Every structure is written in structure tokens, then in C-alpha cells.
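Structure file run.txt with compact mmCIF, C-alpha atoms:
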```
# COMPACT_ATOMS: atom_id res chain seq x y z
CA MET J 1 -7.65 -33.27 -5.43
CA MET J 2 -8.33 -33.14 -1.69
CA ARG J 3 -5.01 -31.38 -1.10
CA LYS J 4 -5.82 -28.64 -3.64
CA SER J 5 -9.21 -28.07 -2.02
CA LEU J 6 -7.58 -27.82 1.40
CA ILE J 7 -4.99 -25.35 0.12
CA ARG J 8 -7.71 -23.22 -1.49
CA LEU J 9 -9.68 -23.27 1.75
CA LEU J 10 -6.64 -22.23 3.76
CA LEU J 11 -5.89 -19.38 1.34
CA ILE J 12 -9.32 -17.76 1.76
CA PRO J 13 -8.27 -15.69 4.82
CA LEU J 14 -5.14 -14.56 2.98
CA ASP J 15 -7.24 -13.55 -0.02
CA LEU J 16 -9.60 -11.61 2.24
CA VAL J 17 -6.85 -9.78 4.10
CA VAL J 18 -4.84 -8.93 0.98
CA GLY J 19 -8.04 -7.95 -0.84
CA LEU J 20 -9.02 -5.62 1.99
CA VAL J 21 -5.55 -4.06 2.08
CA ILE J 22 -5.59 -3.54 -1.71
CA LEU J 23 -9.09 -2.07 -1.57
CA LEU J 24 -8.17 0.31 1.24
CA ASP J 25 -4.99 1.27 -0.60
CA GLU J 26 -6.98 2.02 -3.75
CA LEU J 27 -9.48 4.13 -1.80
CA VAL J 28 -6.89 6.08 0.20
CA ARG J 29 -4.24 6.44 -2.54
CA PRO J 30 -5.73 9.65 -4.00
CA LEU J 31 -5.41 11.20 -0.55
CA TYR J 32 -1.81 10.28 0.20
CA ARG J 33 -0.28 10.44 -3.30
CA PRO J 34 -0.04 14.28 -3.31
CA LEU J 35 1.52 14.13 0.17
CA ILE J 36 4.14 11.65 -1.04
CA ALA J 37 4.88 13.79 -4.10
CA TRP J 38 5.25 16.88 -1.90
CA PHE J 39 7.48 15.02 0.57
CA ALA J 40 9.65 13.64 -2.25
CA SER J 41 10.05 17.15 -3.68
CA LEU J 42 11.62 18.53 -0.49
CA ARG J 43 15.28 19.39 -0.95
CA LEU J 44 16.34 17.50 2.20
CA VAL J 45 14.52 14.35 1.07
CA ALA J 46 16.08 14.58 -2.40
CA ARG J 47 19.54 14.88 -0.84
CA LEU J 48 18.91 11.91 1.46
CA GLU J 49 17.67 9.83 -1.47
CA THR J 50 20.79 10.71 -3.44
CA ALA J 51 22.96 9.73 -0.47
CA ILE J 52 21.08 6.44 -0.04
CA GLY J 53 21.44 5.77 -3.77
CA ARG J 54 25.22 5.99 -3.38
CA LEU J 55 25.41 3.54 -0.48
CA PRO J 56 26.71 0.01 -0.95
CA PRO J 57 24.01 -2.70 -0.87
CA TYR J 58 24.22 -3.50 2.82
CA GLY J 59 24.42 0.21 3.67
CA ALA J 60 21.13 0.69 1.81
CA LEU J 61 19.74 -2.27 3.78
CA VAL J 62 20.68 -0.59 7.08
CA ALA J 63 19.16 2.68 5.82
CA LEU J 64 15.94 0.77 5.09
CA ALA J 65 16.00 -1.19 8.35
CA ILE J 66 16.13 1.88 10.61
CA PRO J 67 12.78 3.48 9.64
CA PHE J 68 11.25 0.02 9.14
CA ALA J 69 12.21 -0.96 12.71
CA ILE J 70 10.37 2.13 13.97
CA VAL J 71 7.31 2.10 11.70
CA GLU J 72 6.27 -1.56 11.87
CA PRO J 73 6.14 -1.78 15.69
CA LEU J 74 4.13 1.45 15.64
CA LYS J 75 1.50 -0.25 13.47
CA LEU J 76 1.42 -3.22 15.86
CA LEU J 77 1.04 -0.85 18.80
CA GLY J 78 -1.95 0.70 17.06
CA LEU J 79 -3.51 -2.74 16.66
CA LEU J 80 -2.85 -3.44 20.34
CA PHE J 81 -4.62 -0.20 21.30
CA LEU J 82 -7.58 -1.22 19.12
CA ALA J 83 -7.69 -4.69 20.69
CA ARG J 84 -7.75 -3.17 24.17
CA GLY J 85 -10.63 -0.85 23.29
CA ALA J 86 -8.66 2.40 22.94
CA PHE J 87 -10.13 3.05 19.50
CA MET J 88 -9.02 6.66 19.02
CA ALA J 89 -5.46 5.94 20.16
CA GLY J 90 -5.41 2.80 17.99
CA ILE J 91 -6.65 4.58 14.89
CA VAL J 92 -4.29 7.53 15.34
CA THR J 93 -1.27 5.32 16.08
CA THR J 94 -2.02 3.02 13.14
CA ALA J 95 -2.54 6.01 10.83
CA ILE J 96 0.75 7.58 11.93
CA GLY J 97 2.51 4.24 11.39
CA HIS J 98 1.11 3.90 7.87
CA LEU J 99 1.86 7.53 7.04
CA ALA J 100 5.43 7.15 8.28
CA GLY J 101 5.71 3.98 6.21
CA PHE J 102 4.50 5.76 3.10
CA LEU J 103 6.78 8.73 3.65
CA LEU J 104 9.93 7.16 5.06
CA VAL J 105 10.18 3.47 4.28
CA GLU J 106 8.85 3.83 0.73
CA ARG J 107 11.24 6.72 -0.06
CA VAL J 108 14.26 4.85 1.37
CA TYR J 109 13.31 1.68 -0.53
CA HIS J 110 12.79 3.65 -3.73
CA ALA J 111 16.18 5.37 -3.33
CA GLY J 112 18.12 2.18 -2.52
CA ARG J 113 16.13 -0.35 -4.57
CA ALA J 114 18.85 -0.93 -7.18
CA GLN J 115 21.45 -1.67 -4.50
CA LEU J 116 19.07 -3.75 -2.40
CA LEU J 117 18.20 -6.01 -5.32
CA THR J 118 21.89 -6.85 -5.78
CA ILE J 119 21.74 -8.72 -2.44
CA PRO J 120 20.78 -12.23 -3.60
CA TRP J 121 18.64 -13.23 -0.60
CA PHE J 122 16.87 -9.85 -0.58
CA ALA J 123 16.11 -10.05 -4.30
CA ARG J 124 14.80 -13.60 -3.85
CA ILE J 125 12.51 -12.55 -0.98
CA MET J 126 11.22 -9.55 -2.92
CA GLY J 127 10.58 -11.86 -5.88
CA TRP J 128 8.58 -14.22 -3.67
CA ILE J 129 6.59 -11.34 -2.17
CA ASP J 130 5.81 -9.96 -5.60
CA ALA J 131 4.83 -13.40 -6.93
CA ILE J 132 2.52 -14.06 -3.98
CA ARG J 133 1.01 -10.61 -4.33
CA GLN J 134 0.38 -11.13 -8.05
CA VAL J 135 -1.28 -14.52 -7.47
CA VAL J 136 -3.55 -13.16 -4.75
CA ILE J 137 -4.41 -10.04 -6.75
CA GLY J 138 -5.12 -12.22 -9.80
CA ARG J 139 -7.50 -14.42 -7.80
CA ILE J 140 -9.23 -11.41 -6.30
CA LYS J 141 -9.61 -9.70 -9.68
CA ALA J 142 -11.01 -12.91 -11.18
CA SER J 143 -13.76 -13.07 -8.55
CA ALA J 144 -17.37 -12.09 -9.12
CA ALA J 145 -17.20 -9.73 -6.15
CA TRP J 146 -14.33 -7.80 -7.77
CA ARG J 147 -16.23 -7.53 -11.07
CA ARG J 148 -19.28 -6.20 -9.21
CA ALA J 149 -17.12 -3.73 -7.28
CA VAL J 150 -15.56 -2.46 -10.52
CA LEU J 151 -19.02 -1.98 -12.07
CA LEU J 152 -20.22 -0.22 -8.92
CA GLY J 153 -17.17 2.07 -8.99
CA GLN J 154 -17.77 2.92 -12.64
CA ALA J 155 -21.43 3.66 -11.93
CA ALA J 156 -20.46 5.89 -8.99
CA ARG J 157 -17.96 7.81 -11.15
CA GLU J 158 -20.60 8.30 -13.86
CA ARG J 159 -23.11 9.53 -11.28
CA LEU J 160 -20.54 11.91 -9.80
CA ARG J 161 -19.67 13.19 -13.28
CA GLY J 162 -23.38 13.83 -13.93
CA TRP J 163 -23.75 15.74 -10.67
CA ARG J 164 -20.70 17.88 -11.49
CA LEU J 165 -22.17 18.77 -14.87
CA TRP J 166 -25.53 19.55 -13.26
CA PHE J 167 -23.91 21.85 -10.66
CA ALA J 168 -21.74 23.52 -13.31
CA ARG J 169 -24.84 24.31 -15.44
CA ARG J 170 -26.67 25.71 -12.43
CA ARG J 171 -23.77 28.08 -11.68
CA ALA J 172 -23.54 29.30 -15.27
```

Re-express the file's structure as C-alpha cells.
Amino acid sequence: MMRKSLIRLLLIPLDLVVGLVILLDELVRPLYRPLIAWFASLRLVARLETAIGRLPPYGALVALAIPFAIVEPLKLLGLLFLARGAFMAGIVTTAIGHLAGFLLVERVYHAGRAQLLTIPWFARIMGWIDAIRQVVIGRIKASAAWRRAVLLGQAARERLRGWRLWFARRRA
């Protein structure tokens, strides 16, 4: 019993961080989804994805590792700037790192996913990551704070819908 309580206590920071990341992702997704769709529709990107899709498993892993090795340190550099008080440089660097991750790493992973998952250790790690993510998301979605946030979001959408109707009637 004591061990379970200790584990739950130690998982609180993880829940908070993952919850914040999920919340930010949900808020920002409408902004970056059209950009990703546009980027994916470029002829050069489509050709690269086709080429990555034809690579052997470890070739797809190298193709994924190259942009990942550039993007992840960029995000850490942004955090370092923020920690040192260079807020504008930190925000811009972190934003560029995330944007590059969305555009490059995600597209490469999407293109080579089938090959990557044939690598046993890679598939196992991705399974663990997905399982952990599902557990944390499940705990967050079961919380009272999440339920309140969902209700608040629904109320905000209803209010926005009402304002749109009001403005539309005024124009007509």
C-alpha cells in the first residue's frame, strides 16, 4: 500500500508535464495542422517520403535519426536560452525546434514507420512509449480538472458560436 502511494506521488510531476504538453498540443494543433498538410503536399516532400518508404529498416532509422539529431538539441538550446533569461531567443529557438520536429521528424517517421516497426527493439520502445502515454492520458482525462476543462471548452465554443450568429445577423 505504501509503495503504491509513493509511486503515485512520484508520478504527479510526470502527469503534470505530459498533461501540459497534451494541452498545448491541443491548443496549437489547429494552427500547425494546415502547415503540415501544405508541407506534406509539396512534390519534393512526397518524393522524399516515397524514397524513405523504400528504404530498408535501418536505412529508415538513419533517415529518422538525422533530422532528430538536429531538432532535439535545438529544443534544448531554446530551453537553455530561457533559463539564462534570453526569453525572445529561447521562445524563437524552441518554436523553430518544434516546427522543424512537426515538419521533418514527423514526416520521416510517418514515411518510414512500417520499416521502423520491423526492428524489434524499436517496436518494443515505441510500444512502451505508447503504453506510458495512454496511461498518463487516461489518468489526466479521469481527473476532475480535465472534466472542468472540457466543460469550459464546450462553454467557450457555445459562446463563440453565439457571437458568430450575432455578428452574422448584424451584417445581414

Quick one: residues within 10 Å of Ala65 of chain J, all atoms listed in the file counted, chain neighbours fewer than 6 positions away excluded, as an mmCIF file with C-alpha atoms, in the frame of the given file?
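Everything below was put into part_37.cif:
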```cif
data_model
loop_
_atom_site.group_PDB
_atom_site.id
_atom_site.type_symbol
_atom_site.label_atom_id
_atom_site.label_comp_id
_atom_site.auth_asym_id
_atom_site.auth_seq_id
_atom_site.Cartn_x
_atom_site.Cartn_y
_atom_site.Cartn_z
ATOM 1 C CA GLY J 59 24.420 0.210 3.670
ATOM 2 C CA VAL J 71 7.310 2.100 11.700
ATOM 3 C CA VAL J 105 10.180 3.470 4.280
ATOM 4 C CA VAL J 108 14.260 4.850 1.370
ATOM 5 C CA TYR J 109 13.310 1.680 -0.530
#
```

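Atom pair atom CA of Val136 of chain J / atom CA of Arg33 of chain J: separated by 23.9 Å.
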
- Rank J:Val45, J:Ala95, J:Leu103, J:Met88 by their smallest atom-to-atom distance to Pro67 of chain J, using only C-alpha atoms, and report the top residue only.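 Distance minimum relative to Pro67 of chain J lands on J:Leu103.
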
- Enter the distance from atom CA of Arg47 of chain J to atom CA of Arg113 of chain J, in Å, rounded to one decimal.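 So the answer is 16.0 Å.
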
Centre, edges in Å (one decimal): axis-aligned box, segment 35-40 of chain J, 8 Å padding on all six sides, as AutoDock Vina command-line options:
```
--center_x 5.6 --center_y 14.3 --center_z -1.8 --size_x 24.1 --size_y 21.2 --size_z 20.7
```

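Between atom CA of Ala111 of chain J and atom CA of Phe39 of chain J there is a distance of 13.6 Å.
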
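Proximity to Phe68 of chain J was assessed for J:Leu82, J:Ala37, J:Ala100, J:Met126 counting all atoms listed in the file; the smallest distance is recorded for J:Ala100.
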
- Which of these, J:Leu80, J:Leu165, J:Ile125, J:Ala114, has the shortest distance to Ile52 of chain J once you count all atoms listed in the file?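 The answer is J:Ala114, which sits nearest to Ile52 of chain J.
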
- So which one's closest to Thr50 of chain J, J:Ile91, J:Pro120, J:Lys75, J:Arg107? Using all atoms listed in the file, please. J:Arg107

- Task: Can you work out which one of J:Gly127, J:Val28, J:Leu20, J:Gly97 has the shortest atom-to-atom distance to Ala69 of chain J, counting all atoms listed in the file?
- Result: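 The closest residue to Ala69 of chain J is J:Gly97.
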
- Message: Nearest residue to His110 of chain J out of J:Gly162, J:Pro34, J:Gly53, J:Pro13, using only C-alpha atoms?
- Response: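 Among the listed residues, the smallest separation from His110 of chain J belongs to J:Gly53.
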
Gly78 of chain J surroundings by only C-alpha atoms, 7 Å radius, close-in-sequence under 6 positions cut, as a short mmCIF file (atom, residue, chain, number, x, y, z; two decimals) with C-alpha atoms, in the coordinates of the input:
```cif
data_model
loop_
_atom_site.label_atom_id
_atom_site.label_comp_id
_atom_site.auth_asym_id
_atom_site.auth_seq_id
_atom_site.Cartn_x
_atom_site.Cartn_y
_atom_site.Cartn_z
CA GLY J 90 -5.41 2.80 17.99
CA ILE J 91 -6.65 4.58 14.89
CA THR J 93 -1.27 5.32 16.08
CA THR J 94 -2.02 3.02 13.14
#
```
